[in-house]
Amino acid sequence: MNKVLISPSLLSADFGNLKDELEKINNSEADWLHIDVMDGVFVPNISFGFPVLEYVAKLCKKPLDVHLMIVQPEKFIKEVKALGSMMMNVHYETCPHLHRVIQQIKDSGMKAGVTLNPATPVSVLNDVISDLDMVLLMSVNPGFGGQKFIPNTINKVKNLRKLIEETGSKVLIEVDGGVNLETGKALVEVGADVLVAGNAIFKAPDMIDMIHQMKNL
Ligand code: DX5
Ligand code: ZN
C-alpha cells in the first residue's frame with residue numbers, strides 16, 4: 001500500500017515566522033502545502049489573499065494544494081494558477097455549474113478537486129467523479145483551524161471509496177479538519193489518501209517529527 005500523503009495547513013502557521021515555518025515544511029516529509037483561502041461570505045472567517053500567497057509560493061518548495069472557501073471560485077482560476085498551484089479545490093456548495101468549473105480548472109493546467117461540507121453527501125458527486133482528480137471531505141465545518149473531528153467522516157470516506165471502486169476512477173480522497181495521529185490512523189484504515197493537518201502539525205513541539213509520524217500511519 002502507498003504511504004498516505006500529508007498536506008500541512010498553512011492556516012495554523014506562525015505568520016510572524018513564516019519564512020522559518022516554510023523552511024521546516026521544505027525540510028520535512030510533507031508532500032504538499034495546504035492553503036485555505038476564505039472570504040467571510042461562504043465561511044464566517046477571512047484568511048489570506050493573493051499578495052500574501054505570492055510570498056508563500058516563492059518560499060515553499062512543496063506543491064500547493066489550494067482550498068478555496070469562497071463564493072464564485074471560478075473567478076480566481078487564473079490567480080490560483082499564477083501562484084504555480086498544483087491543485088485547486090472548490091466547494092460543491094459554491095458551484096451551481098460544477099462540471100464547467102472542473103473543466104476550466106483542468107484546462108488551466110491544474111488538477112481539479114471538489115470539496116464537500118460535512119452535511120453534503122458523497123452521492124452528489126456520482127455524475128462528475130470520473131472528471132475529478134481529488135475529493136476533499138471536510139471533517140469540520142470550514143472556517144477555522146483547531147476544531148474537533150466529526151466522526152461521521154469515517155462513513156463518508158467508506159462511501160467515497162466504494163464509489164471510486166465502482167467507477168474505476170483514480171480520484172484521491174483527502175480529509176481536512178481535526179486530523180491528528182489518532183483520527184488520521186482511522187482515516188488511513190478506511191482508505192484516505194491525503195491528510196490535511198493544521199494544528200496537529202504547526203503546534204507540535206517538533207513539526208518535522210510529527211509529519212514523519214503521520215507519514216507512517
Ligand atoms: C478549515 C480549513 C482547514 C484547517 C484545518 O476550514 O479548511 O484546512 O486549517 O486545521 P486543523 O487541522 O487544525 O483542524
Ligand atoms: Zn482546508
# chains A, B, ... in the order shown; residues from 1 in each chain; ligands from 1
call {"tool": "closest_atom_pairs", "arguments": {"of": "range 35-110 of chain A", "to": "range 117-135 of chain A", "cutoff": "10 Å", "atoms": "only C-alpha atoms", "output": "Markdown table"}}
result
| residue | atom | partner | partner_atom | distance |
| --- | --- | --- | --- | --- |
| A:Met87 | CA | A:Asp133 | CA | 8.6 |
| A:Met88 | CA | A:Met134 | CA | 9.5 |
| A:Asn89 | CA | A:Met134 | CA | 8.2 |
| A:Val90 | CA | A:Val135 | CA | 9.7 |
| A:His91 | CA | A:Asn117 | CA | 7.7 |
| A:Tyr92 | CA | A:Asn117 | CA | 8.1 |
| A:Glu93 | CA | A:Asn117 | CA | 7.7 |
| A:Leu98 | CA | A:Val128 | CA | 8.5 |
| A:His99 | CA | A:Val128 | CA | 6.8 |
| A:Ile102 | CA | A:Leu132 | CA | 7.3 |
| A:Gln103 | CA | A:Asp131 | CA | 8.0 |
| A:Lys106 | CA | A:Leu132 | CA | 9.0 |
| A:Met110 | CA | A:Asp133 | CA | 9.7 |
call {"tool": "residues_near_ligand", "arguments": {"ligand": "ligand 1", "cutoff": "10 Å", "atoms": "only C-alpha atoms and all ligand atoms", "output": "ChimeraX atom specification"}}
result
/A:7-13,34-38,43-45,47,66-69,115,117,136-149,175-180,195-203
call {"tool": "residues_around", "arguments": {"residues": "range 29-31 of chain A", "least_positions_apart": "4", "cutoff": "7 Å", "atoms": "only C-alpha atoms", "output": "PyMOL selection string"}}
result
chain A and resi 5-8+25+62+211-212
call {"tool": "select_by_dssp", "arguments": {"residues": "range 22-168 of chain A", "states": "alpha helix (DSSP H)", "output": "NGL selection string"}}
result
:A and (22-26 or 50-59 or 77-82 or 98-107 or 153-167)
call {"tool": "residues_around", "arguments": {"residues": "Asn216 in chain A", "least_positions_apart": "2", "cutoff": "8 Å", "atoms": "only C-alpha atoms", "output": "list in words"}}
result
Lys3, Val4, His212, Gln213 and Met214 of chain A
call {"tool": "closest_residue", "arguments": {"among": "A:Cys95, A:Val80, A:Ile164, A:Val157", "to": "Glu189 in chain A", "atoms": "only C-alpha atoms"}}
result
A:Val157
call {"tool": "closest_residue", "arguments": {"among": "A:Val56, A:Lys215, A:Gly109, A:Gly191", "to": "Lys156 in chain A", "atoms": "only C-alpha atoms"}}
result
A:Gly191
call {"tool": "closest_residue", "arguments": {"among": "A:Lys19, A:Asn27, A:Lys75, A:Glu174", "to": "ligand 2", "atoms": "only C-alpha atoms and all ligand atoms"}}
result
A:Glu174
call {"tool": "select_by_dssp", "arguments": {"residues": "range 30-212 of chain A", "states": "strand (DSSP E or B)", "output": "MDAnalysis selection string"}}
result
chainID A and resid 33:39 46 64:69 87:91 111:116 134:138 172:176 194:197
call {"tool": "write_last_selection", "arguments": {"atoms": "N, CA and C atoms", "output": "short mmCIF file (atom, residue, chain, number, x, y, z; two decimals), in the first residue's frame"}}
result
data_model
loop_
_atom_site.label_atom_id
_atom_site.label_comp_id
_atom_site.auth_asym_id
_atom_site.auth_seq_id
_atom_site.Cartn_x
_atom_site.Cartn_y
_atom_site.Cartn_z
N LEU A 33 1.64 21.53 0.39
CA LEU A 33 1.26 22.55 1.38
C LEU A 33 -0.20 22.92 1.11
N HIS A 34 -1.04 22.82 2.14
CA HIS A 34 -2.47 23.11 2.01
C HIS A 34 -2.72 24.59 2.34
N ILE A 35 -3.42 25.27 1.43
CA ILE A 35 -3.63 26.71 1.57
C ILE A 35 -5.12 27.03 1.60
N ASP A 36 -5.58 27.60 2.71
CA ASP A 36 -7.01 27.86 2.92
C ASP A 36 -7.33 29.32 2.64
N VAL A 37 -8.06 29.56 1.58
CA VAL A 37 -8.48 30.93 1.25
C VAL A 37 -9.95 31.10 1.65
N MET A 38 -10.24 32.09 2.49
CA MET A 38 -11.61 32.31 2.99
C MET A 38 -12.07 33.72 2.68
N ASP A 39 -13.39 33.86 2.46
CA ASP A 39 -13.91 35.16 2.02
C ASP A 39 -14.84 35.87 3.00
N ILE A 46 -12.10 35.20 7.48
CA ILE A 46 -11.27 35.65 6.34
C ILE A 46 -9.84 35.24 6.66
N LEU A 64 1.52 23.17 -4.19
CA LEU A 64 0.46 23.88 -3.45
C LEU A 64 -0.91 23.25 -3.72
N ASP A 65 -1.59 22.96 -2.60
CA ASP A 65 -2.91 22.32 -2.60
C ASP A 65 -3.87 23.41 -2.07
N VAL A 66 -4.51 24.12 -3.01
CA VAL A 66 -5.26 25.32 -2.63
C VAL A 66 -6.73 25.00 -2.42
N HIS A 67 -7.24 25.38 -1.26
CA HIS A 67 -8.63 25.09 -0.85
C HIS A 67 -9.38 26.42 -0.76
N LEU A 68 -10.24 26.66 -1.76
CA LEU A 68 -10.94 27.94 -1.81
C LEU A 68 -12.29 27.85 -1.11
N MET A 69 -12.41 28.53 0.02
CA MET A 69 -13.69 28.62 0.74
C MET A 69 -14.30 29.97 0.43
N MET A 87 -2.93 21.95 -7.31
CA MET A 87 -4.32 21.50 -7.15
C MET A 87 -5.20 22.68 -6.76
N MET A 88 -6.37 22.78 -7.38
CA MET A 88 -7.34 23.80 -6.96
C MET A 88 -8.62 23.09 -6.52
N ASN A 89 -8.96 23.28 -5.24
CA ASN A 89 -10.18 22.66 -4.68
C ASN A 89 -11.26 23.72 -4.55
N VAL A 90 -12.43 23.43 -5.13
CA VAL A 90 -13.59 24.32 -4.97
C VAL A 90 -14.67 23.58 -4.19
N HIS A 91 -15.51 24.32 -3.48
CA HIS A 91 -16.59 23.68 -2.75
C HIS A 91 -17.77 23.39 -3.68
N LYS A 111 -4.68 20.41 -11.38
CA LYS A 111 -5.56 19.30 -11.03
C LYS A 111 -6.80 19.88 -10.35
N ALA A 112 -7.93 19.16 -10.52
CA ALA A 112 -9.21 19.67 -10.01
C ALA A 112 -9.70 18.84 -8.84
N GLY A 113 -9.99 19.55 -7.73
CA GLY A 113 -10.56 18.89 -6.55
C GLY A 113 -11.89 19.52 -6.20
N VAL A 114 -12.81 18.69 -5.73
CA VAL A 114 -14.09 19.21 -5.23
C VAL A 114 -14.21 18.87 -3.75
N THR A 115 -14.61 19.88 -2.98
CA THR A 115 -14.70 19.76 -1.52
C THR A 115 -16.16 19.64 -1.10
N LEU A 116 -16.43 18.75 -0.14
CA LEU A 116 -17.78 18.59 0.40
C LEU A 116 -17.81 18.97 1.87
N MET A 134 -9.40 14.82 -7.36
CA MET A 134 -9.44 14.62 -5.90
C MET A 134 -10.80 15.04 -5.35
N VAL A 135 -11.21 14.37 -4.27
CA VAL A 135 -12.36 14.82 -3.48
C VAL A 135 -11.83 15.14 -2.09
N LEU A 136 -12.15 16.34 -1.62
CA LEU A 136 -11.72 16.79 -0.30
C LEU A 136 -12.93 16.75 0.63
N LEU A 137 -12.90 15.84 1.58
CA LEU A 137 -14.00 15.74 2.54
C LEU A 137 -13.69 16.59 3.76
N MET A 138 -14.57 17.53 4.07
CA MET A 138 -14.39 18.33 5.28
C MET A 138 -14.84 17.52 6.49
N LEU A 172 -8.26 10.84 -5.78
CA LEU A 172 -7.69 10.76 -4.44
C LEU A 172 -8.72 11.24 -3.42
N ILE A 173 -8.67 10.67 -2.23
CA ILE A 173 -9.53 11.10 -1.13
C ILE A 173 -8.68 11.87 -0.13
N GLU A 174 -9.01 13.15 0.05
CA GLU A 174 -8.30 13.98 1.03
C GLU A 174 -9.28 14.34 2.15
N VAL A 175 -8.79 14.41 3.37
CA VAL A 175 -9.66 14.76 4.51
C VAL A 175 -9.03 15.93 5.26
N ASP A 176 -9.89 16.87 5.69
CA ASP A 176 -9.43 18.15 6.23
C ASP A 176 -10.26 18.55 7.45
N VAL A 194 -4.93 11.30 1.36
CA VAL A 194 -4.22 12.53 1.73
C VAL A 194 -4.82 13.08 3.02
N LEU A 195 -3.96 13.43 3.98
CA LEU A 195 -4.42 14.04 5.23
C LEU A 195 -3.95 15.49 5.29
N VAL A 196 -4.91 16.40 5.55
CA VAL A 196 -4.57 17.79 5.83
C VAL A 196 -4.48 17.92 7.34
N ALA A 197 -3.48 18.59 7.85
CA ALA A 197 -3.42 18.83 9.30
C ALA A 197 -2.80 20.19 9.56
#
call {"tool": "closest_residue", "arguments": {"among": "A:Val171, A:Ala57, A:Ile70, A:Ile105", "to": "ligand 2", "atoms": "only C-alpha atoms and all ligand atoms"}}
result
A:Ile70
call {"tool": "atom_distance", "arguments": {"atom1": "CA of Ser108 in chain A", "atom2": "CA of Gly84 in chain A"}}
result
11.0 Å
